[in-house]
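Taking it in order: structure first as structure tokens, then the write-up.
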Amino acid sequence: MASRTIMERKEPALSIEKDPDVLGAATRMAGEDLCSIADLSSGEVRALMKLGHDVKRNPREYSHALDARQMVLMFEKASLRTRLAFEAGINTMGGNAIFVDQTNSPLGERETIADVARNLERWVDVIVLRTYAHDTITEMAANSRVPVVNALSDVEHPCQALADFMTLEEHFGSAVGLNFTYVGDGNNVCHSLMLTGAQLGANVTVATPRAYSPKAEIVAAAREIAGRNHGELRLMQDARAAVEGADAVYTDVCVSMGFEHESTKRAPIFRPYQVNETLMSKASPTAVFMHCLPARRGEEVTDAVIDSPQSIVFDQAENRLHVQKALLLLLLGGFVNVEKFQ
Ligand code: CP
Ligand code: NVA
């Protein structure tokens, strides 16, 4: 595989306010939900990338874009990055966040999810959910007139994958034709990465233990999207073969939230998938190491890799803020209200 050299990210040929991807996304996405990366077109994923880069470069231009908008975050699982990036994101654009801890009270238990949605839409402009069941998110979306955002479910973690590909664009200039390898559990993060890579025309390789491969329907969707964008999706079990010549090597925990009872069973199965210096040495010499965090140091990744100069894990974490701001701007129609676009 030809490897990628590090280069400056090219400025978009057109200014952000005239970019057809961004203008198309601003029109189509306003008022919509983000349950899955597959809800988006390739142009909308590109728009999120472009707006994310612009928000990062020019945060002050957006400081009143969402004045007085209310966001509720209802989380059934723990969070550092997702919660803080959404809260800081809306606060720095003039809006407000209300956090509801659902860790001891799963959504749908006290009253139906549909009834929760019919209440929330009367008070807030956007609903951000972190759940066990993906259906909780789609059910809330089906019953709410305001946008619903998936902040992680058992099937997908779209906000993570958007930030990750924004980080790859920063580092390599573009994700088109990039050799991106994911090693580990075929989980929520893996699913959203496959779909986002496909939307942006990357060559995605996924190596998992056979019993932990990604869901067949998401693989099929990602292959179909990749085909349209001249990208590729390869699945395998051999971590070394998957990493050979890769530009980016990504892993996640072997035991996701909700699967803690499987820890002992999973540990030996995932041992050959640990990203250590030996595995990283198979990748391109200019390869980056990526992880959504939190990491279980010494399990799926060693300190030597996650703390190495190749590691861009904290850039990924930072870009959660910028890309989630871009997402809120598009879903809440804030993009068109920004002063420089009037
Ligand atoms: N990567 C990620 O979503 O982190 P949190 O679980 O801390 O939100
Ligand atoms: N796959 C992990 C991601 C955490 C951000 C989990 O679901 O727990």
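So you can find residues: chains in the structure tokens are A, B, ... in the order shown, residues in each start at 1, and ligands are numbered from 1 in order.
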
Exercise for the section: Find the residues near ligand 1. Use a cut-off of 9 Å, count only C-alpha atoms and all ligand atoms, and write them as a PyMOL selection string. Expected result: chain A and resi 77-85+130+151-152+157+159-160+189+257+291-294+316-317+320

Practice problem: Name the residues in contact with A:Leu195 at a cut-off of 8 Å, using only C-alpha atoms, excluding same-chain residues fewer than 2 positions from it; report them as a VMD selection string. | Solution: chain A and resid 37 to 38 191 to 193 197 to 199 218 221 to 222 225

### Selection: 10 Å around stretch 161-171 of chain A, only C-alpha atoms, excl. self and same-chain fewer than 6 positions, as number ranges by chain
A: 5-10, 37, 45-46, 48-50, 52-53, 178, 180, 188-197, 200, 202, 247-248, 250, 288, 290-292, 312-324, 327

Keeping only C-alpha atoms, write those residues as a PDB file, in the first residue's frame.
```
ATOM      1  CA  THR A   5       3.081  11.785   3.913  1.00  0.00           C
ATOM      2  CA  ILE A   6       2.077  14.490   6.369  1.00  0.00           C
ATOM      3  CA  MET A   7       1.033  17.711   4.692  1.00  0.00           C
ATOM      4  CA  GLU A   8      -0.773  20.901   5.434  1.00  0.00           C
ATOM      5  CA  ARG A   9      -4.538  20.664   5.117  1.00  0.00           C
ATOM      6  CA  LYS A  10      -5.524  22.397   1.894  1.00  0.00           C
ATOM      7  CA  ILE A  37     -23.628   8.165   9.972  1.00  0.00           C
ATOM      8  CA  VAL A  45     -20.189  14.447   6.000  1.00  0.00           C
ATOM      9  CA  ARG A  46     -17.841  16.649   3.952  1.00  0.00           C
ATOM     10  CA  LEU A  48     -19.419  18.686   8.748  1.00  0.00           C
ATOM     11  CA  MET A  49     -15.678  18.358   8.186  1.00  0.00           C
ATOM     12  CA  LYS A  50     -15.413  21.751   6.469  1.00  0.00           C
ATOM     13  CA  GLY A  52     -15.673  21.774  11.869  1.00  0.00           C
ATOM     14  CA  HIS A  53     -12.355  23.091  10.510  1.00  0.00           C
ATOM     15  CA  LEU A 178      -6.196   7.050   3.111  1.00  0.00           C
ATOM     16  CA  PHE A 180      -7.243   3.478   7.736  1.00  0.00           C
ATOM     17  CA  ASN A 188     -20.232   0.965  18.025  1.00  0.00           C
ATOM     18  CA  VAL A 189     -17.069   3.001  17.351  1.00  0.00           C
ATOM     19  CA  CYS A 190     -15.932   0.570  14.652  1.00  0.00           C
ATOM     20  CA  HIS A 191     -19.349   0.789  12.929  1.00  0.00           C
ATOM     21  CA  SER A 192     -19.351   4.593  12.783  1.00  0.00           C
ATOM     22  CA  LEU A 193     -15.720   4.666  11.607  1.00  0.00           C
ATOM     23  CA  MET A 194     -16.473   2.212   8.759  1.00  0.00           C
ATOM     24  CA  LEU A 195     -19.418   4.334   7.623  1.00  0.00           C
ATOM     25  CA  THR A 196     -17.563   7.659   7.905  1.00  0.00           C
ATOM     26  CA  GLY A 197     -14.488   6.295   6.119  1.00  0.00           C
ATOM     27  CA  LEU A 200     -15.155  10.163   2.643  1.00  0.00           C
ATOM     28  CA  ALA A 202     -11.006   6.152   2.575  1.00  0.00           C
ATOM     29  CA  ASP A 247      -1.580   5.385   7.476  1.00  0.00           C
ATOM     30  CA  ALA A 248      -3.705   5.282  10.647  1.00  0.00           C
ATOM     31  CA  TYR A 250      -7.145   2.821  15.503  1.00  0.00           C
ATOM     32  CA  VAL A 288      -0.654   7.810  13.371  1.00  0.00           C
ATOM     33  CA  MET A 290      -5.781   6.743  17.254  1.00  0.00           C
ATOM     34  CA  HIS A 291      -8.143   5.823  20.105  1.00  0.00           C
ATOM     35  CA  CYS A 292     -11.550   7.254  21.019  1.00  0.00           C
ATOM     36  CA  ILE A 312      -2.974  11.818  18.023  1.00  0.00           C
ATOM     37  CA  VAL A 313      -5.523  10.760  20.642  1.00  0.00           C
ATOM     38  CA  PHE A 314      -5.795  14.174  22.310  1.00  0.00           C
ATOM     39  CA  ASP A 315      -6.236  15.911  18.943  1.00  0.00           C
ATOM     40  CA  GLN A 316      -9.172  13.550  18.412  1.00  0.00           C
ATOM     41  CA  ALA A 317     -10.550  14.508  21.821  1.00  0.00           C
ATOM     42  CA  GLU A 318     -10.155  18.223  21.045  1.00  0.00           C
ATOM     43  CA  ASN A 319     -11.905  17.874  17.709  1.00  0.00           C
ATOM     44  CA  ARG A 320     -14.984  16.418  19.426  1.00  0.00           C
ATOM     45  CA  LEU A 321     -15.644  20.030  20.437  1.00  0.00           C
ATOM     46  CA  HIS A 322     -15.269  21.550  16.981  1.00  0.00           C
ATOM     47  CA  VAL A 323     -17.153  18.938  14.985  1.00  0.00           C
ATOM     48  CA  GLN A 324     -19.994  18.745  17.519  1.00  0.00           C
ATOM     49  CA  LEU A 327     -23.193  19.497  13.919  1.00  0.00           C
TER      50      LEU A 327
END
```

*asked:* I want to know what sits within 9 Å of A:Lys215, based on only C-alpha atoms, with residues of the same chain fewer than 6 positions away left out; could you give that as an MDAnalysis selection string?
replied: chainID A and resid 155 186:187 191

TODO: Determine which residues of stretch 14-245 of chain A receive a DSSP assignment of strand (DSSP E), computed from the backbone, and state them as a PyMOL selection string.
DONE: chain A and resi 70-75+96-101+126-130+148-150+179-183+203-207+232-236

Proximity to A:Ser263 - best of A:Leu34, A:Asn150, A:Glu299, A:Thr181, only C-alpha atoms
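Closest to A:Ser263, using only C-alpha atoms: A:Glu299.
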
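For the pair atom CA of A:Ala226 and atom CA of A:Val183, the separation is 19.2 Å.
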
- Show which residues sit within 8 Å of A:Gln310, as a list in words. Count only C-alpha atoms, and ignore same-chain residues fewer than 2 positions away.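 Final neighbour list, sorted by chain and number: Thr286, Ala287, Val288, Phe289, Val305, Ile306, Ser308 and Ile312 of chain A.
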
Could those residues be written to a file, using N, CA, C and O atoms, as a compact mmCIF listing (two decimals), in the first residue's frame?
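The file below, part_29.txt, is the result:
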```
# COMPACT_ATOMS: atom_id res chain seq x y z
N THR A 286 5.05 6.80 8.71
CA THR A 286 4.41 8.08 9.06
C THR A 286 3.01 7.86 9.65
O THR A 286 2.22 8.81 9.75
N ALA A 287 2.72 6.63 10.05
CA ALA A 287 1.36 6.31 10.54
C ALA A 287 1.08 7.01 11.87
O ALA A 287 1.98 7.26 12.67
N VAL A 288 -0.21 7.26 12.09
CA VAL A 288 -0.65 7.81 13.37
C VAL A 288 -1.38 6.72 14.14
O VAL A 288 -1.94 5.79 13.55
N PHE A 289 -1.38 6.86 15.48
CA PHE A 289 -2.16 5.97 16.34
C PHE A 289 -3.37 6.74 16.85
O PHE A 289 -3.26 7.89 17.29
N VAL A 305 2.84 3.10 22.96
CA VAL A 305 2.18 3.53 21.72
C VAL A 305 1.31 4.76 21.98
O VAL A 305 1.41 5.76 21.27
N ILE A 306 0.49 4.72 23.02
CA ILE A 306 -0.46 5.84 23.22
C ILE A 306 0.28 7.13 23.62
O ILE A 306 -0.21 8.24 23.36
N SER A 308 3.34 7.85 22.47
CA SER A 308 4.40 8.09 21.48
C SER A 308 4.08 9.31 20.63
O SER A 308 2.93 9.77 20.59
N ILE A 312 -2.23 10.56 18.19
CA ILE A 312 -2.97 11.82 18.02
C ILE A 312 -4.29 11.77 18.82
O ILE A 312 -5.27 12.42 18.47
```

- 7 Å contact set for A:Asn203, only C-alpha atoms, chain neighbours under 2 positions out, as a ChimeraX atom specification: /A:177-180,201,205,231-233

Selected residues written out with N, CA, C and O atoms, as an mmCIF file, in the first residue's frame:
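Listed below is the output, selection-v8.cif:
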```
data_model
loop_
_atom_site.group_PDB
_atom_site.id
_atom_site.type_symbol
_atom_site.label_atom_id
_atom_site.label_comp_id
_atom_site.auth_asym_id
_atom_site.auth_seq_id
_atom_site.Cartn_x
_atom_site.Cartn_y
_atom_site.Cartn_z
ATOM 1 N N GLY A 177 -8.667 8.043 -0.144
ATOM 2 C CA GLY A 177 -7.602 7.086 -0.432
ATOM 3 C C GLY A 177 -6.694 6.767 0.747
ATOM 4 O O GLY A 177 -5.725 6.020 0.604
ATOM 5 N N LEU A 178 -7.018 7.293 1.921
ATOM 6 C CA LEU A 178 -6.196 7.050 3.111
ATOM 7 C C LEU A 178 -6.376 5.596 3.579
ATOM 8 O O LEU A 178 -7.487 5.081 3.590
ATOM 9 N N ASN A 179 -5.282 4.960 3.967
ATOM 10 C CA ASN A 179 -5.350 3.568 4.442
ATOM 11 C C ASN A 179 -5.565 3.574 5.951
ATOM 12 O O ASN A 179 -4.635 3.785 6.727
ATOM 13 N N PHE A 180 -6.812 3.374 6.342
ATOM 14 C CA PHE A 180 -7.243 3.478 7.736
ATOM 15 C C PHE A 180 -7.524 2.074 8.257
ATOM 16 O O PHE A 180 -8.337 1.343 7.678
ATOM 17 N N GLY A 201 -14.447 8.292 1.226
ATOM 18 C CA GLY A 201 -13.582 7.667 0.201
ATOM 19 C C GLY A 201 -12.261 7.149 0.735
ATOM 20 O O GLY A 201 -11.277 7.073 -0.004
ATOM 21 N N THR A 205 -9.760 -0.855 6.626
ATOM 22 C CA THR A 205 -9.519 -2.269 6.933
ATOM 23 C C THR A 205 -9.868 -2.484 8.401
ATOM 24 O O THR A 205 -9.480 -1.685 9.249
ATOM 25 N N GLY A 231 -13.992 4.167 -2.434
ATOM 26 C CA GLY A 231 -13.248 3.659 -1.276
ATOM 27 C C GLY A 231 -13.368 2.149 -1.221
ATOM 28 O O GLY A 231 -14.002 1.522 -2.080
ATOM 29 N N GLU A 232 -12.762 1.571 -0.193
ATOM 30 C CA GLU A 232 -12.751 0.115 -0.043
ATOM 31 C C GLU A 232 -13.030 -0.233 1.405
ATOM 32 O O GLU A 232 -12.669 0.548 2.299
ATOM 33 N N LEU A 233 -13.603 -1.395 1.651
ATOM 34 C CA LEU A 233 -13.743 -1.894 3.028
ATOM 35 C C LEU A 233 -13.324 -3.356 3.045
ATOM 36 O O LEU A 233 -13.902 -4.183 2.333
#
```

**Request:** Would you please extract all alpha helix (DSSP H) residues from stretch 136-267 of chain A, as assigned by DSSP on the backbone, and give them as a ChimeraX atom specification?
**Result:** /A:136-143,158-172,188-199,216-228,239-243,263-267
